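> Dropping in entry_16.cif, which is mmCIF, C-alpha atoms:
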```cif
data_target
#
loop_
_atom_site.label_atom_id
_atom_site.label_comp_id
_atom_site.auth_asym_id
_atom_site.auth_seq_id
_atom_site.Cartn_x
_atom_site.Cartn_y
_atom_site.Cartn_z
CA MET R 51 1.94 28.87 22.70
CA GLN R 52 -0.28 29.92 19.81
CA HIS R 53 1.15 30.18 16.32
CA GLU R 54 0.13 33.81 15.96
CA LYS R 55 1.95 34.73 19.15
CA ILE R 56 5.13 33.03 17.98
CA VAL R 57 5.03 34.92 14.69
CA LYS R 58 4.39 38.23 16.38
CA GLU R 59 7.15 37.82 18.96
CA ARG R 60 9.69 36.83 16.31
CA CYS R 61 8.51 39.47 13.79
CA TRP R 62 8.23 36.80 11.14
CA PRO R 63 6.20 37.30 7.96
CA SER R 64 2.51 36.60 8.40
CA THR R 65 2.78 34.10 5.55
CA ALA R 66 4.92 31.74 7.64
CA LEU R 67 3.55 28.21 7.52
CA PHE R 68 3.66 26.03 10.63
CA VAL R 69 3.64 22.34 9.77
CA PRO R 70 3.61 19.89 12.70
CA PHE R 71 5.87 16.87 12.81
CA GLY R 72 7.17 14.44 15.41
CA SER R 73 5.42 12.52 18.15
CA ARG R 74 2.19 14.51 18.06
CA VAL R 75 1.72 13.56 14.44
CA TYR R 76 2.76 9.91 14.93
CA GLY R 77 0.48 9.59 17.95
CA THR R 78 3.22 8.66 20.42
CA ALA R 79 3.27 11.91 22.40
CA ARG R 80 2.99 12.01 26.16
CA LEU R 81 1.47 14.92 28.07
CA GLU R 82 4.86 16.54 28.57
CA SER R 83 6.02 16.03 24.97
CA ASP R 84 7.12 19.08 23.02
CA HIS R 85 5.30 20.47 20.02
CA ASP R 86 7.51 20.29 16.94
CA TYR R 87 7.00 22.40 13.81
CA LEU R 88 8.71 23.06 10.54
CA VAL R 89 8.29 26.75 9.77
CA VAL R 90 8.39 27.40 6.03
CA PHE R 91 8.50 30.87 4.49
CA PRO R 92 6.77 30.67 1.10
CA GLU R 93 8.19 33.97 -0.16
CA ASN R 94 11.76 33.11 0.89
CA ASN R 95 11.70 36.16 3.15
CA GLY R 96 12.17 34.69 6.61
CA PRO R 97 15.05 33.38 8.73
CA SER R 98 16.31 30.00 7.58
CA GLY R 99 18.31 27.23 9.16
CA LEU R 100 17.25 28.07 12.70
CA GLU R 101 16.35 25.62 15.45
CA LEU R 102 14.53 27.48 18.19
CA VAL R 103 13.00 26.34 21.46
CA LEU R 104 10.20 28.53 22.76
CA GLU R 105 8.67 27.16 25.96
CA ASN R 106 7.62 23.62 24.94
CA THR R 107 7.66 24.36 21.21
CA ASN R 108 10.54 23.44 18.88
CA LEU R 109 10.79 25.31 15.59
CA HIS R 110 12.93 24.46 12.56
CA THR R 111 12.89 27.16 9.88
CA TYR R 112 13.23 26.89 6.11
CA THR R 113 12.72 29.09 3.12
CA LEU R 114 10.54 27.52 0.49
CA THR R 115 13.58 27.04 -1.74
CA GLU R 116 15.43 25.18 1.02
CA PHE R 117 12.42 23.05 1.78
CA GLN R 118 12.01 22.10 -1.87
CA ALA R 119 15.69 21.10 -1.96
CA ALA R 120 15.19 18.89 1.11
CA LEU R 121 12.13 17.36 -0.54
CA ASP R 122 14.05 16.72 -3.77
CA THR R 123 16.72 14.82 -1.84
CA HIS R 124 14.00 12.92 0.04
CA GLN R 125 15.00 14.02 3.53
CA ILE R 126 12.65 12.34 5.99
CA HIS R 127 11.64 15.53 7.82
CA ALA R 128 10.65 17.15 4.52
CA LEU R 129 8.70 14.10 3.41
CA GLU R 130 6.81 13.98 6.70
CA ALA R 131 5.95 17.67 6.52
CA TYR R 132 4.85 17.41 2.90
CA PHE R 133 2.52 14.49 3.58
CA ALA R 134 1.36 15.61 7.04
CA PRO R 135 -2.41 15.76 7.48
CA GLU R 136 -3.75 19.05 6.09
CA SER R 137 -0.26 20.20 5.14
CA PRO R 138 -0.28 23.33 2.95
CA LEU R 139 3.01 22.35 1.32
CA PRO R 140 1.68 20.22 -1.59
CA ALA R 141 0.12 23.40 -2.97
CA LEU R 142 3.53 25.11 -2.97
CA CYS R 143 6.03 22.30 -3.68
CA THR R 144 6.35 19.34 -5.98
CA PHE R 145 7.37 15.83 -5.01
CA THR R 146 8.55 13.25 -7.51
CA LEU R 147 9.54 9.92 -6.05
CA ASN R 148 12.98 8.62 -6.95
CA ARG R 149 13.43 5.26 -5.25
CA ALA R 150 17.22 5.32 -5.48
CA THR R 151 17.28 8.74 -3.81
CA LEU R 152 14.80 7.51 -1.20
CA ARG R 153 16.96 4.47 -0.49
CA GLN R 154 20.09 6.54 0.02
CA ALA R 155 18.49 9.20 2.23
CA LEU R 156 16.39 6.99 4.47
CA SER R 157 18.83 4.09 4.81
CA GLN R 158 21.52 6.50 5.94
CA LYS R 159 19.20 8.26 8.39
CA ALA R 160 17.86 5.02 9.85
CA SER R 161 21.36 3.61 10.30
CA HIS R 162 22.54 6.82 11.94
CA SER R 163 19.59 6.70 14.34
CA PHE R 164 20.42 3.12 15.36
CA VAL R 165 24.06 4.06 16.05
CA LYS R 166 22.89 7.14 17.96
CA ALA R 167 20.65 4.94 20.10
CA LYS R 168 23.64 2.88 21.16
CA LYS R 169 25.65 5.97 22.05
CA LYS R 170 22.83 7.54 24.05
CA ILE R 171 22.11 4.38 26.02
CA ALA R 172 25.48 2.66 26.41
CA VAL R 173 27.74 5.71 26.71
CA GLU R 174 25.73 8.75 27.77
CA GLN R 175 23.04 6.88 29.72
CA ASP R 176 20.45 9.24 28.27
CA TYR R 177 17.88 6.51 28.06
CA LEU R 178 14.88 8.48 26.82
CA ALA R 179 16.88 9.97 23.95
CA GLY R 180 18.25 6.50 23.19
CA TRP R 181 14.81 4.90 23.11
CA LYS R 182 13.57 7.65 20.81
CA SER R 183 16.52 7.17 18.46
CA LEU R 184 15.92 3.43 18.42
CA PHE R 185 12.27 3.99 17.56
CA HIS R 186 13.19 6.47 14.83
CA SER R 187 15.60 3.96 13.28
CA LEU R 188 12.64 1.62 12.81
CA ARG R 189 9.98 4.22 12.01
CA ILE R 190 12.01 5.75 9.19
CA LEU R 191 12.27 2.38 7.48
CA VAL R 192 8.55 1.70 7.93
CA PHE R 193 7.78 5.08 6.38
CA GLY R 194 10.26 4.36 3.60
CA ILE R 195 8.50 1.10 2.77
CA GLU R 196 5.15 2.87 2.34
CA LEU R 197 6.72 5.64 0.28
CA ALA R 198 8.49 3.14 -1.98
CA GLN R 199 5.28 1.16 -2.46
CA THR R 200 2.79 3.98 -2.96
CA GLY R 201 4.72 7.20 -3.56
CA ALA R 202 3.03 8.78 -0.55
CA LEU R 203 2.98 8.69 3.25
CA THR R 204 -0.42 8.28 4.86
CA ASN R 205 -0.04 6.04 7.91
CA PHE R 206 1.97 8.04 10.42
CA ALA R 207 1.10 5.53 13.17
CA ALA R 208 2.42 2.51 11.25
CA ALA R 209 5.46 2.00 13.51
CA ASN R 210 3.86 2.94 16.82
CA ALA R 211 3.72 -0.64 18.10
CA TYR R 212 7.52 -0.59 18.20
CA TRP R 213 7.50 2.52 20.38
CA ASP R 214 4.87 1.03 22.67
CA GLU R 215 7.10 -1.98 23.29
CA ILE R 216 10.28 0.08 23.74
CA TRP R 217 8.57 2.45 26.15
CA ALA R 218 6.88 -0.32 28.12
CA ALA R 219 10.15 -2.24 28.58
CA GLN R 220 12.17 0.77 29.81
CA GLU R 221 15.26 -1.33 29.05
CA THR R 222 18.58 0.35 29.89
CA ASP R 223 21.00 -2.37 28.76
CA TRP R 224 22.09 -1.82 25.18
CA GLU R 225 22.99 -5.45 24.50
CA THR R 226 19.49 -6.53 25.50
CA LEU R 227 17.97 -3.87 23.27
CA LYS R 228 20.28 -4.81 20.41
CA THR R 229 19.33 -8.48 20.68
CA ARG R 230 15.65 -7.56 20.50
CA TRP R 231 15.72 -4.83 17.86
CA GLN R 232 18.70 -5.43 15.55
CA PRO R 233 16.88 -8.28 13.74
CA VAL R 234 13.80 -6.07 13.33
CA HIS R 235 15.91 -3.21 11.99
CA ASN R 236 17.69 -5.57 9.60
CA ALA R 237 14.44 -7.10 8.33
CA LEU R 238 12.85 -3.70 7.71
CA SER R 239 16.01 -2.48 6.02
CA SER R 240 16.07 -5.50 3.74
CA GLU R 241 12.41 -5.06 2.77
CA PHE R 242 12.95 -1.36 2.14
CA ARG R 243 15.99 -1.94 -0.06
CA LYS R 244 14.09 -4.45 -2.18
CA LEU R 245 11.35 -1.88 -2.78
CA ALA R 246 13.83 0.95 -3.32
CA PRO R 247 16.69 -0.55 -5.34
CA LYS R 248 19.78 1.27 -6.44
CA GLU R 249 19.75 2.72 -9.94
#
```
Could you spell out this file's structure in structure tokens?

Amino acid sequence: MQHEKIVKERCWPSTALFVPFGSRVYGTARLESDHDYLVVFPENNGPSGLELVLENTNLHTYTLTEFQAALDTHQIHALEAYFAPESPLPALCTFTLNRATLRQALSQKASHSFVKAKKKIAVEQDYLAGWKSLFHSLRILVFGIELAQTGALTNFAAANAYWDEIWAAQETDWETLKTRWQPVHNALSSEFRKLAPKE
């Protein structure tokens, strides 16, 4: 679905900015993967806080003020959108790295993703969602390491080898996955925390 068609059907302002994120930016998408976008309204005149699914397109909407707040608290989705290739957001927002804030936001998100992976695989038997959550728990830390080191995010494919291994294994036993990936998660977390210490 074309961006212009989405805007027209939803009667959104023509200034709405569509910034891609997710697997199609990382380079891990499959043919059937959805297209994910943050939709930011620069003039604060569009619907905010919505998560919409239109055909195979997922949209998450923000006013510019809300997006700036997410960027200030170093939320991973905001950081990815800000640093996405050809993103228009650096011209509209400001990002100032605070390593303590980065540590808090990304450590919490990565830990939550690891716990979610266990729930999806061991309890709900939603293996694809579990594998994705496991990958995200590692990817977020990899991104955090680059951000802590350089103040920017440029290598969106940096964690893709982890996904390739998870996807190739198709492992459905959580204990096997935990044995393989908990040490990796812990090592990345430790490296990240050293680069992003508490205040």
> Give me the residues of segment 168-216 of chain R that have any atom at most 10 Å from an atom of segment 142-158 of chain R; for each, the nearest atom pair and the distance in Å, rounded to one decimal. Use all atoms listed in the file, sort by chain and number, and format it as a Markdown table.

```
| residue | atom | partner | partner_atom | distance |
| --- | --- | --- | --- | --- |
| R:Ser187 | CA | R:Ser157 | CA | 9.1 |
| R:Ile190 | CA | R:Leu156 | CA | 6.6 |
| R:Leu191 | CA | R:Leu156 | CA | 6.9 |
| R:Phe193 | CA | R:Leu156 | CA | 9.0 |
| R:Gly194 | CA | R:Leu156 | CA | 6.7 |
| R:Ile195 | CA | R:Arg153 | CA | 9.7 |
| R:Leu197 | CA | R:Leu147 | CA | 8.1 |
| R:Ala198 | CA | R:Arg149 | CA | 6.3 |
| R:Gln199 | CA | R:Arg149 | CA | 9.5 |
| R:Thr200 | CA | R:Leu147 | CA | 9.5 |
| R:Gly201 | CA | R:Leu147 | CA | 6.1 |
| R:Ala202 | CA | R:Leu147 | CA | 8.6 |
```
> Selected by the PyMOL selection byres ((chain R and resi 138) around 12) in the shown coordinates: which residues, as a ChimeraX atom specification?
/R:65-70,88-92,114,131-137,139-144
> Selected residues, C-alpha atoms, written as a CSV table (one decimal), in the frame of the given file, please.

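The resulting file, selection06.csv, is shown below:
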```csv
chain,number,residue,atom,x,y,z
R,65,THR,CA,2.8,34.1,5.6
R,66,ALA,CA,4.9,31.7,7.6
R,67,LEU,CA,3.6,28.2,7.5
R,68,PHE,CA,3.7,26.0,10.6
R,69,VAL,CA,3.6,22.3,9.8
R,70,PRO,CA,3.6,19.9,12.7
R,88,LEU,CA,8.7,23.1,10.5
R,89,VAL,CA,8.3,26.8,9.8
R,90,VAL,CA,8.4,27.4,6.0
R,91,PHE,CA,8.5,30.9,4.5
R,92,PRO,CA,6.8,30.7,1.1
R,114,LEU,CA,10.5,27.5,0.5
R,131,ALA,CA,6.0,17.7,6.5
R,132,TYR,CA,4.8,17.4,2.9
R,133,PHE,CA,2.5,14.5,3.6
R,134,ALA,CA,1.4,15.6,7.0
R,135,PRO,CA,-2.4,15.8,7.5
R,136,GLU,CA,-3.8,19.0,6.1
R,137,SER,CA,-0.3,20.2,5.1
R,139,LEU,CA,3.0,22.4,1.3
R,140,PRO,CA,1.7,20.2,-1.6
R,141,ALA,CA,0.1,23.4,-3.0
R,142,LEU,CA,3.5,25.1,-3.0
R,143,CYS,CA,6.0,22.3,-3.7
R,144,THR,CA,6.4,19.3,-6.0
```
> When the PyMOL selection byres ((chain R and resi 128) around 10) is applied to the file above, which residues end up in the set, as number ranges by chain?
R: 71, 88, 116-127, 129-134, 139
> Compare R:Asn210, R:Thr229, R:Ser239, R:Asn106 by their minimum atom-to-atom distance to Thr78 of chain R, counting only C-alpha atoms, and give me the closest one.
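That would be R:Asn210, the residue with the smallest distance to Thr78 of chain R.
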> If you apply the PyMOL selection byres ((chain R and resi 97) around 10) to this file, what residues do you get, as a list in words?
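Selected by the PyMOL selection byres ((chain R and resi 97) around 10) here: Arg60, Trp62, Pro63, Val89, Val90, Phe91, Asn94, Asn95, Gly96, Ser98, Gly99, Leu100, His110, Thr111, Tyr112 and Thr113 of chain R.
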> In Å, with one decimal, what is the gap from atom CA of Asp84 of chain R to atom CA of Val165 of chain R?
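Those two atoms sit 23.7 Å apart.
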> What does the distance between atom CA of Phe164 of chain R and atom CA of Val75 of chain R come to in Å, to one decimal place?
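Pair atom CA of Phe164 of chain R / atom CA of Val75 of chain R returns 21.4 Å.
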> Measuring between all atoms listed in the file, which one of R:Ala211, R:Ala160, R:Leu104, R:Leu227 shows the shortest distance to Ala172 of chain R?
R:Leu227
> Can you tell me which residues surround Ala208 of chain R at a distance of at most 9 Å, considering only C-alpha atoms, apart from same-chain residues fewer than 6 positions away, and format the answer as an MDAnalysis selection string?
chainID R and resid 76 189 192:193
> Would you fill out segment 170-203 of chain R with N, CA and C atoms and return it as a PDB file, keeping the file's coordinate frame?

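Contents of the output file part.pdb:
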```
ATOM      1  N   LYS R 170      23.626   6.914  22.989  1.00  0.00           N
ATOM      2  CA  LYS R 170      22.830   7.540  24.050  1.00  0.00           C
ATOM      3  C   LYS R 170      22.630   6.602  25.228  1.00  0.00           C
ATOM      4  N   ILE R 171      22.418   5.338  24.954  1.00  0.00           N
ATOM      5  CA  ILE R 171      22.110   4.380  26.020  1.00  0.00           C
ATOM      6  C   ILE R 171      23.366   3.828  26.670  1.00  0.00           C
ATOM      7  N   ALA R 172      24.307   3.359  25.874  1.00  0.00           N
ATOM      8  CA  ALA R 172      25.480   2.660  26.410  1.00  0.00           C
ATOM      9  C   ALA R 172      26.544   3.605  26.929  1.00  0.00           C
ATOM     10  N   VAL R 173      26.660   4.784  26.341  1.00  0.00           N
ATOM     11  CA  VAL R 173      27.740   5.710  26.710  1.00  0.00           C
ATOM     12  C   VAL R 173      27.219   6.853  27.574  1.00  0.00           C
ATOM     13  N   GLU R 174      26.200   7.548  27.085  1.00  0.00           N
ATOM     14  CA  GLU R 174      25.730   8.750  27.770  1.00  0.00           C
ATOM     15  C   GLU R 174      24.686   8.466  28.836  1.00  0.00           C
ATOM     16  N   GLN R 175      24.110   7.277  28.797  1.00  0.00           N
ATOM     17  CA  GLN R 175      23.040   6.880  29.720  1.00  0.00           C
ATOM     18  C   GLN R 175      21.862   7.859  29.688  1.00  0.00           C
ATOM     19  N   ASP R 176      21.617   8.393  28.510  1.00  0.00           N
ATOM     20  CA  ASP R 176      20.450   9.240  28.270  1.00  0.00           C
ATOM     21  C   ASP R 176      19.395   8.317  27.652  1.00  0.00           C
ATOM     22  N   TYR R 177      18.701   7.612  28.518  1.00  0.00           N
ATOM     23  CA  TYR R 177      17.880   6.510  28.060  1.00  0.00           C
ATOM     24  C   TYR R 177      16.693   6.954  27.210  1.00  0.00           C
ATOM     25  N   LEU R 178      16.033   8.025  27.595  1.00  0.00           N
ATOM     26  CA  LEU R 178      14.880   8.480  26.820  1.00  0.00           C
ATOM     27  C   LEU R 178      15.296   8.853  25.401  1.00  0.00           C
ATOM     28  N   ALA R 179      16.396   9.609  25.278  1.00  0.00           N
ATOM     29  CA  ALA R 179      16.880   9.970  23.950  1.00  0.00           C
ATOM     30  C   ALA R 179      17.280   8.726  23.162  1.00  0.00           C
ATOM     31  N   GLY R 180      17.858   7.746  23.851  1.00  0.00           N
ATOM     32  CA  GLY R 180      18.250   6.500  23.190  1.00  0.00           C
ATOM     33  C   GLY R 180      17.051   5.707  22.695  1.00  0.00           C
ATOM     34  N   TRP R 181      16.018   5.622  23.528  1.00  0.00           N
ATOM     35  CA  TRP R 181      14.810   4.900  23.110  1.00  0.00           C
ATOM     36  C   TRP R 181      14.166   5.588  21.917  1.00  0.00           C
ATOM     37  N   LYS R 182      14.146   6.920  21.937  1.00  0.00           N
ATOM     38  CA  LYS R 182      13.570   7.650  20.810  1.00  0.00           C
ATOM     39  C   LYS R 182      14.365   7.400  19.531  1.00  0.00           C
ATOM     40  N   SER R 183      15.680   7.419  19.638  1.00  0.00           N
ATOM     41  CA  SER R 183      16.520   7.170  18.460  1.00  0.00           C
ATOM     42  C   SER R 183      16.312   5.764  17.924  1.00  0.00           C
ATOM     43  N   LEU R 184      16.177   4.807  18.832  1.00  0.00           N
ATOM     44  CA  LEU R 184      15.920   3.430  18.420  1.00  0.00           C
ATOM     45  C   LEU R 184      14.600   3.334  17.671  1.00  0.00           C
ATOM     46  N   PHE R 185      13.583   3.960  18.220  1.00  0.00           N
ATOM     47  CA  PHE R 185      12.270   3.990  17.560  1.00  0.00           C
ATOM     48  C   PHE R 185      12.366   4.641  16.181  1.00  0.00           C
ATOM     49  N   HIS R 186      13.064   5.775  16.105  1.00  0.00           N
ATOM     50  CA  HIS R 186      13.190   6.470  14.830  1.00  0.00           C
ATOM     51  C   HIS R 186      13.902   5.605  13.787  1.00  0.00           C
ATOM     52  N   SER R 187      14.875   4.811  14.224  1.00  0.00           N
ATOM     53  CA  SER R 187      15.600   3.960  13.280  1.00  0.00           C
ATOM     54  C   SER R 187      14.671   2.934  12.635  1.00  0.00           C
ATOM     55  N   LEU R 188      13.624   2.554  13.339  1.00  0.00           N
ATOM     56  CA  LEU R 188      12.640   1.620  12.810  1.00  0.00           C
ATOM     57  C   LEU R 188      11.543   2.351  12.044  1.00  0.00           C
ATOM     58  N   ARG R 189      11.070   3.436  12.616  1.00  0.00           N
ATOM     59  CA  ARG R 189       9.980   4.220  12.010  1.00  0.00           C
ATOM     60  C   ARG R 189      10.364   4.720  10.624  1.00  0.00           C
ATOM     61  N   ILE R 190      11.570   5.212  10.475  1.00  0.00           N
ATOM     62  CA  ILE R 190      12.010   5.750   9.190  1.00  0.00           C
ATOM     63  C   ILE R 190      11.944   4.682   8.108  1.00  0.00           C
ATOM     64  N   LEU R 191      12.328   3.472   8.442  1.00  0.00           N
ATOM     65  CA  LEU R 191      12.270   2.380   7.480  1.00  0.00           C
ATOM     66  C   LEU R 191      10.832   1.992   7.158  1.00  0.00           C
ATOM     67  N   VAL R 192       9.972   1.990   8.164  1.00  0.00           N
ATOM     68  CA  VAL R 192       8.550   1.700   7.930  1.00  0.00           C
ATOM     69  C   VAL R 192       7.951   2.750   6.997  1.00  0.00           C
ATOM     70  N   PHE R 193       8.260   4.021   7.252  1.00  0.00           N
ATOM     71  CA  PHE R 193       7.780   5.080   6.380  1.00  0.00           C
ATOM     72  C   PHE R 193       8.354   4.922   4.971  1.00  0.00           C
ATOM     73  N   GLY R 194       9.627   4.545   4.901  1.00  0.00           N
ATOM     74  CA  GLY R 194      10.260   4.360   3.600  1.00  0.00           C
ATOM     75  C   GLY R 194       9.592   3.264   2.790  1.00  0.00           C
ATOM     76  N   ILE R 195       9.173   2.194   3.463  1.00  0.00           N
ATOM     77  CA  ILE R 195       8.500   1.100   2.770  1.00  0.00           C
ATOM     78  C   ILE R 195       7.190   1.585   2.142  1.00  0.00           C
ATOM     79  N   GLU R 196       6.400   2.353   2.893  1.00  0.00           N
ATOM     80  CA  GLU R 196       5.150   2.870   2.340  1.00  0.00           C
ATOM     81  C   GLU R 196       5.410   3.830   1.180  1.00  0.00           C
ATOM     82  N   LEU R 197       6.395   4.694   1.342  1.00  0.00           N
ATOM     83  CA  LEU R 197       6.720   5.640   0.280  1.00  0.00           C
ATOM     84  C   LEU R 197       7.178   4.920  -0.986  1.00  0.00           C
ATOM     85  N   ALA R 198       8.012   3.897  -0.820  1.00  0.00           N
ATOM     86  CA  ALA R 198       8.490   3.140  -1.980  1.00  0.00           C
ATOM     87  C   ALA R 198       7.360   2.392  -2.671  1.00  0.00           C
ATOM     88  N   GLN R 199       6.393   1.933  -1.892  1.00  0.00           N
ATOM     89  CA  GLN R 199       5.280   1.160  -2.460  1.00  0.00           C
ATOM     90  C   GLN R 199       4.250   2.045  -3.136  1.00  0.00           C
ATOM     91  N   THR R 200       3.942   3.192  -2.510  1.00  0.00           N
ATOM     92  CA  THR R 200       2.790   3.980  -2.960  1.00  0.00           C
ATOM     93  C   THR R 200       3.141   5.372  -3.456  1.00  0.00           C
ATOM     94  N   GLY R 201       4.350   5.849  -3.172  1.00  0.00           N
ATOM     95  CA  GLY R 201       4.720   7.200  -3.560  1.00  0.00           C
ATOM     96  C   GLY R 201       4.170   8.263  -2.627  1.00  0.00           C
ATOM     97  N   ALA R 202       3.605   7.838  -1.508  1.00  0.00           N
ATOM     98  CA  ALA R 202       3.030   8.780  -0.550  1.00  0.00           C
ATOM     99  C   ALA R 202       3.200   8.224   0.861  1.00  0.00           C
ATOM    100  N   LEU R 203       2.923   9.083   1.847  1.00  0.00           N
ATOM    101  CA  LEU R 203       2.980   8.690   3.250  1.00  0.00           C
ATOM    102  C   LEU R 203       1.651   9.054   3.889  1.00  0.00           C
TER     103      LEU R 203
END
```
